[in-house]
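Have a look at the structure below before the remarks.
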Amino acid sequence: MKLLNILTRLPIWFGGILIIGVIFLTVIDVIARKFFNTGYFGLVDVTQLAVIGFAYLAMPRAFLTGAHVAVELYDDRLSRRADLILKMFALLLSIFVISILLWYGWIQASRVQRYGDVSQNASIPMIYYWALLLGGMALSWLVCVLQLGLSFFRCIKGGPSDV
């Protein structure tokens, strides 16, 4: 679990650095537009790349810590085992959806790579966008699979339901 903790923190740091860099560039762009009547060419493309990177690289950590939005209507009324089984079902559903997204994302990323697609203004290769998206999704899938395995063993052993 410690390795998984590290594996999900590093992408968040990388995504955070991307966002801080974009904030810095945006401030420079605003100042340059105000005082020198010029701006940073391609800032929109760089901002989109940073936002995609931050969002998708933060997903694995959200899965690991349970930070996603959840509606808990009957959790307090369920036994520990029933609560754990419900969480396992949610993890199975997450694994299924992420698998589909990874599959179709991989197909699209392959097309983008094959055609050499680039962003509209700064000509950033679109495969960079897809690499961040697929990397975050793949790590999210791994986190969900490991959590499902841990939940399964906890269900069998009767351990705590916190995953």
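Residue numbers start at 1 in each chain; chains themselves are named A, B, ... in the order of the structure tokens; ligands are numbered from 1 in the order shown.
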
Open item on the list: Just list as a ChimeraX atom specification whatever in chain A DSSP marks as helix (DSSP H, G or I).
Closed with: /A:2-36,43-65,75-77,80-115,126-157

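Going from CA of Leu43 in chain A over to CA of Met59 in chain A, you cover 24.4 Å.
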
Using only C-alpha atoms, tabulate the residues of range 32-150 of chain A lying at most 9 Å from any atom of range 13-23 of chain A, each with its closest atom pair and that distance in Å to one decimal, by chain and increasing residue number, as a tab-separated table.
```
residue	atom	partner	partner_atom	distance
A:Leu43	CA	A:Val22	CA	8.1
A:Val46	CA	A:Val22	CA	7.2
A:Thr47	CA	A:Val22	CA	5.9
A:Leu49	CA	A:Leu18	CA	8.5
A:Ala50	CA	A:Leu18	CA	5.2
A:Val51	CA	A:Ile19	CA	6.8
A:Ile52	CA	A:Gly15	CA	8.7
A:Gly53	CA	A:Gly15	CA	5.6
A:Phe54	CA	A:Gly15	CA	4.0
A:Ala55	CA	A:Gly15	CA	7.7
A:Tyr56	CA	A:Gly15	CA	8.6
A:Leu57	CA	A:Gly15	CA	6.3
A:Ala58	CA	A:Gly15	CA	7.4
```

- [ ] May I have the residues within 7 Å of range 92-98 of chain A as a ChimeraX atom specification, using only C-alpha atoms and disregarding those fewer than 5 positions away in the same chain?
- [x] /A:137,141,144-145

Write the residues you've just listed into a file as a tab-separated table (two decimals), in the first residue's frame, and include C-alpha atoms for each of them.
```tsv
chain	number	residue	atom	x	y	z
A	137	MET	CA	-6.60	6.30	-16.40
A	141	TRP	CA	-7.42	1.20	-13.14
A	144	CYS	CA	-9.08	0.09	-8.38
A	145	VAL	CA	-7.91	-3.47	-9.12
```

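Residue neighbourhood of Val143 in chain A, excluding near-sequence residues (fewer than 3 positions): Met1, Leu4, Asn5, Leu7, Thr8, Met59, Pro60, Arg61, Ala62, Phe63, Leu64, Leu91, Ile95, Met137, Ala138, Leu139, Ser140, Leu146, Gln147, Leu148 and Gly149 of chain A, at 10 Å, using only C-alpha atoms.
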
Restricted to all heavy atoms, what would the selected residues look like written as a compact mmCIF listing (two decimals), in the first residue's frame?
```txt
# COMPACT_ATOMS: atom_id res chain seq x y z
N MET A 1 0.83 -1.20 0.00
CA MET A 1 0.00 0.00 0.00
C MET A 1 0.87 1.26 0.00
O MET A 1 0.48 2.28 -0.55
CB MET A 1 -0.87 -0.06 1.25
CG MET A 1 -2.26 0.43 1.15
SD MET A 1 -3.15 -0.01 -0.30
CE MET A 1 -4.56 0.96 -0.04
N LEU A 4 1.83 2.12 -3.52
CA LEU A 4 0.67 2.71 -4.20
C LEU A 4 0.48 4.16 -3.77
O LEU A 4 0.13 5.02 -4.59
CB LEU A 4 -0.58 1.89 -3.87
CG LEU A 4 -1.74 1.99 -4.83
CD1 LEU A 4 -1.32 1.68 -6.24
CD2 LEU A 4 -2.83 1.04 -4.40
N ASN A 5 0.74 4.43 -2.52
CA ASN A 5 0.66 5.79 -2.00
C ASN A 5 1.64 6.70 -2.73
O ASN A 5 1.30 7.80 -3.15
CB ASN A 5 0.95 5.77 -0.50
CG ASN A 5 0.24 6.87 0.24
OD1 ASN A 5 -0.42 7.71 -0.34
ND2 ASN A 5 0.39 6.85 1.54
N LEU A 7 3.06 6.02 -5.69
CA LEU A 7 2.71 6.05 -7.12
C LEU A 7 1.58 7.02 -7.43
O LEU A 7 1.48 7.51 -8.55
CB LEU A 7 2.31 4.65 -7.59
CG LEU A 7 3.44 3.69 -7.91
CD1 LEU A 7 2.89 2.32 -8.26
CD2 LEU A 7 4.32 4.21 -9.03
N THR A 8 0.72 7.27 -6.47
CA THR A 8 -0.39 8.20 -6.72
C THR A 8 -0.05 9.63 -6.31
O THR A 8 -0.73 10.56 -6.75
CB THR A 8 -1.67 7.74 -6.00
OG1 THR A 8 -1.43 7.65 -4.61
CG2 THR A 8 -2.17 6.43 -6.56
N MET A 59 -6.68 11.66 -10.66
CA MET A 59 -7.70 10.61 -10.51
C MET A 59 -7.23 9.40 -9.70
O MET A 59 -7.97 8.93 -8.83
CB MET A 59 -8.19 10.15 -11.88
CG MET A 59 -9.26 11.04 -12.46
SD MET A 59 -9.82 10.52 -14.09
CE MET A 59 -10.13 8.79 -13.89
N PRO A 60 -6.03 8.87 -9.93
CA PRO A 60 -5.62 7.70 -9.15
C PRO A 60 -5.59 7.98 -7.64
O PRO A 60 -6.01 7.14 -6.84
CB PRO A 60 -4.20 7.39 -9.66
CG PRO A 60 -4.13 8.02 -11.00
CD PRO A 60 -5.04 9.20 -10.96
N ARG A 61 -5.14 9.16 -7.27
CA ARG A 61 -5.10 9.52 -5.84
C ARG A 61 -6.52 9.62 -5.29
O ARG A 61 -6.78 9.22 -4.14
CB ARG A 61 -4.36 10.83 -5.66
CG ARG A 61 -4.13 11.21 -4.24
CD ARG A 61 -3.06 10.38 -3.64
NE ARG A 61 -2.90 10.73 -2.23
CZ ARG A 61 -2.25 9.99 -1.39
NH1 ARG A 61 -1.67 8.88 -1.80
NH2 ARG A 61 -2.14 10.35 -0.15
N ALA A 62 -7.43 10.15 -6.08
CA ALA A 62 -8.82 10.25 -5.64
C ALA A 62 -9.41 8.86 -5.41
O ALA A 62 -10.13 8.63 -4.44
CB ALA A 62 -9.64 11.03 -6.66
N PHE A 63 -9.10 7.91 -6.31
CA PHE A 63 -9.57 6.54 -6.11
C PHE A 63 -8.95 5.92 -4.86
O PHE A 63 -9.62 5.23 -4.10
CB PHE A 63 -9.24 5.66 -7.33
CG PHE A 63 -10.26 5.74 -8.41
CD1 PHE A 63 -9.96 6.33 -9.63
CD2 PHE A 63 -11.53 5.20 -8.24
CE1 PHE A 63 -10.90 6.40 -10.65
CE2 PHE A 63 -12.48 5.27 -9.25
CZ PHE A 63 -12.16 5.87 -10.45
N LEU A 64 -7.67 6.18 -4.64
CA LEU A 64 -6.98 5.58 -3.50
C LEU A 64 -7.51 6.11 -2.17
O LEU A 64 -7.70 5.36 -1.22
CB LEU A 64 -5.47 5.83 -3.59
CG LEU A 64 -4.63 5.20 -2.51
CD1 LEU A 64 -4.66 3.68 -2.61
CD2 LEU A 64 -3.19 5.69 -2.58
N LEU A 91 -16.23 -0.71 -7.00
CA LEU A 91 -14.90 -0.85 -7.60
C LEU A 91 -14.97 -1.65 -8.90
O LEU A 91 -14.29 -1.31 -9.88
CB LEU A 91 -13.94 -1.51 -6.61
CG LEU A 91 -13.43 -0.63 -5.48
CD1 LEU A 91 -12.72 -1.44 -4.42
CD2 LEU A 91 -12.51 0.46 -6.03
N ILE A 95 -13.81 -0.32 -12.47
CA ILE A 95 -12.84 -1.03 -13.30
C ILE A 95 -13.41 -1.25 -14.70
O ILE A 95 -12.71 -1.06 -15.70
CB ILE A 95 -12.44 -2.37 -12.64
CG1 ILE A 95 -11.61 -2.10 -11.39
CG2 ILE A 95 -11.68 -3.27 -13.61
CD1 ILE A 95 -11.42 -3.31 -10.50
N MET A 137 -5.56 7.34 -16.40
CA MET A 137 -6.60 6.30 -16.40
C MET A 137 -6.01 4.93 -16.07
O MET A 137 -6.62 4.16 -15.33
CB MET A 137 -7.29 6.25 -17.77
CG MET A 137 -8.08 7.49 -18.10
SD MET A 137 -9.52 7.66 -17.07
CE MET A 137 -10.69 6.82 -18.08
N ALA A 138 -4.84 4.62 -16.64
CA ALA A 138 -4.22 3.32 -16.38
C ALA A 138 -3.85 3.18 -14.90
O ALA A 138 -4.07 2.13 -14.29
CB ALA A 138 -2.98 3.14 -17.26
N LEU A 139 -3.32 4.24 -14.32
CA LEU A 139 -2.98 4.19 -12.90
C LEU A 139 -4.25 4.10 -12.05
O LEU A 139 -4.27 3.40 -11.03
CB LEU A 139 -2.13 5.39 -12.51
CG LEU A 139 -1.45 5.35 -11.15
CD1 LEU A 139 -0.63 4.07 -10.96
CD2 LEU A 139 -0.55 6.56 -10.97
N SER A 140 -5.31 4.76 -12.46
CA SER A 140 -6.59 4.66 -11.75
C SER A 140 -7.11 3.23 -11.80
O SER A 140 -7.61 2.70 -10.81
CB SER A 140 -7.64 5.59 -12.38
OG SER A 140 -7.27 6.93 -12.23
N LEU A 146 -6.25 -3.15 -7.36
CA LEU A 146 -5.59 -3.48 -6.09
C LEU A 146 -6.53 -3.28 -4.90
O LEU A 146 -6.53 -4.08 -3.97
CB LEU A 146 -4.31 -2.66 -5.93
CG LEU A 146 -3.19 -3.00 -6.92
CD1 LEU A 146 -2.03 -2.04 -6.77
CD2 LEU A 146 -2.73 -4.44 -6.76
N GLN A 147 -7.33 -2.24 -4.95
CA GLN A 147 -8.30 -2.02 -3.87
C GLN A 147 -9.37 -3.10 -3.86
O GLN A 147 -9.81 -3.52 -2.79
CB GLN A 147 -8.95 -0.64 -3.99
CG GLN A 147 -8.07 0.47 -3.51
CD GLN A 147 -8.82 1.77 -3.42
OE1 GLN A 147 -9.68 2.07 -4.26
NE2 GLN A 147 -8.50 2.57 -2.44
N LEU A 148 -9.76 -3.57 -5.02
CA LEU A 148 -10.74 -4.65 -5.10
C LEU A 148 -10.16 -5.92 -4.48
O LEU A 148 -10.84 -6.60 -3.70
CB LEU A 148 -11.16 -4.91 -6.54
CG LEU A 148 -12.19 -6.00 -6.76
CD1 LEU A 148 -13.51 -5.64 -6.09
CD2 LEU A 148 -12.40 -6.24 -8.24
N GLY A 149 -8.92 -6.23 -4.80
CA GLY A 149 -8.27 -7.40 -4.20
C GLY A 149 -8.16 -7.28 -2.69
O GLY A 149 -8.46 -8.22 -1.95
```

Would you list the contacts of Ile127 in chain A as an mmCIF file with all heavy atoms, in the first residue's frame, taking every protein, DNA or RNA residue within 8 Å and counting only C-alpha atoms, but skipping same-chain residues closer than 4 positions in sequence?
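The result, stored in part38.cif:
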```cif
data_model
loop_
_atom_site.group_PDB
_atom_site.id
_atom_site.type_symbol
_atom_site.label_atom_id
_atom_site.label_comp_id
_atom_site.auth_asym_id
_atom_site.auth_seq_id
_atom_site.Cartn_x
_atom_site.Cartn_y
_atom_site.Cartn_z
ATOM 1 N N ALA A 109 -5.843 7.475 -29.364
ATOM 2 C CA ALA A 109 -4.446 7.918 -29.252
ATOM 3 C C ALA A 109 -3.603 7.328 -30.380
ATOM 4 O O ALA A 109 -2.713 8.006 -30.914
ATOM 5 C CB ALA A 109 -3.876 7.523 -27.891
ATOM 6 N N VAL A 112 -4.338 9.413 -33.413
ATOM 7 C CA VAL A 112 -3.694 10.719 -33.275
ATOM 8 C C VAL A 112 -2.204 10.601 -33.573
ATOM 9 O O VAL A 112 -1.628 11.438 -34.278
ATOM 10 C CB VAL A 112 -3.948 11.282 -31.849
ATOM 11 C CG1 VAL A 112 -2.981 12.384 -31.502
ATOM 12 C CG2 VAL A 112 -5.378 11.767 -31.717
ATOM 13 N N GLN A 113 -1.582 9.565 -33.052
ATOM 14 C CA GLN A 113 -0.156 9.352 -33.283
ATOM 15 C C GLN A 113 0.113 9.063 -34.767
ATOM 16 O O GLN A 113 1.048 9.603 -35.350
ATOM 17 C CB GLN A 113 0.347 8.197 -32.412
ATOM 18 C CG GLN A 113 1.808 7.856 -32.602
ATOM 19 C CD GLN A 113 2.732 8.956 -32.129
ATOM 20 O OE1 GLN A 113 2.351 9.825 -31.345
ATOM 21 N NE2 GLN A 113 3.951 8.926 -32.603
ATOM 22 N N ASP A 117 -1.441 14.392 -35.404
ATOM 23 C CA ASP A 117 -2.262 15.542 -35.021
ATOM 24 C C ASP A 117 -1.525 16.443 -34.032
ATOM 25 O O ASP A 117 -0.797 15.964 -33.157
ATOM 26 C CB ASP A 117 -3.565 15.076 -34.372
ATOM 27 C CG ASP A 117 -4.501 14.419 -35.362
ATOM 28 O OD1 ASP A 117 -4.207 14.443 -36.574
ATOM 29 O OD2 ASP A 117 -5.535 13.863 -34.924
ATOM 30 N N ALA A 131 -1.399 10.943 -23.844
ATOM 31 C CA ALA A 131 -0.498 10.218 -22.938
ATOM 32 C C ALA A 131 -0.838 10.538 -21.480
ATOM 33 O O ALA A 131 -0.878 9.630 -20.627
ATOM 34 C CB ALA A 131 0.959 10.564 -23.237
#
```

TODO: List the neighbours of Gly42 in chain A out to 12 Å using only C-alpha atoms; skip same-chain residues closer than 4 positions along the sequence, and give me the result as a VMD selection string.
DONE: chain A and resid 22 25 to 26 29 46 to 49 118 to 124

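The coordinates place CA of Cys155 in chain A at 19.0 Å from CA of Thr65 in chain A.
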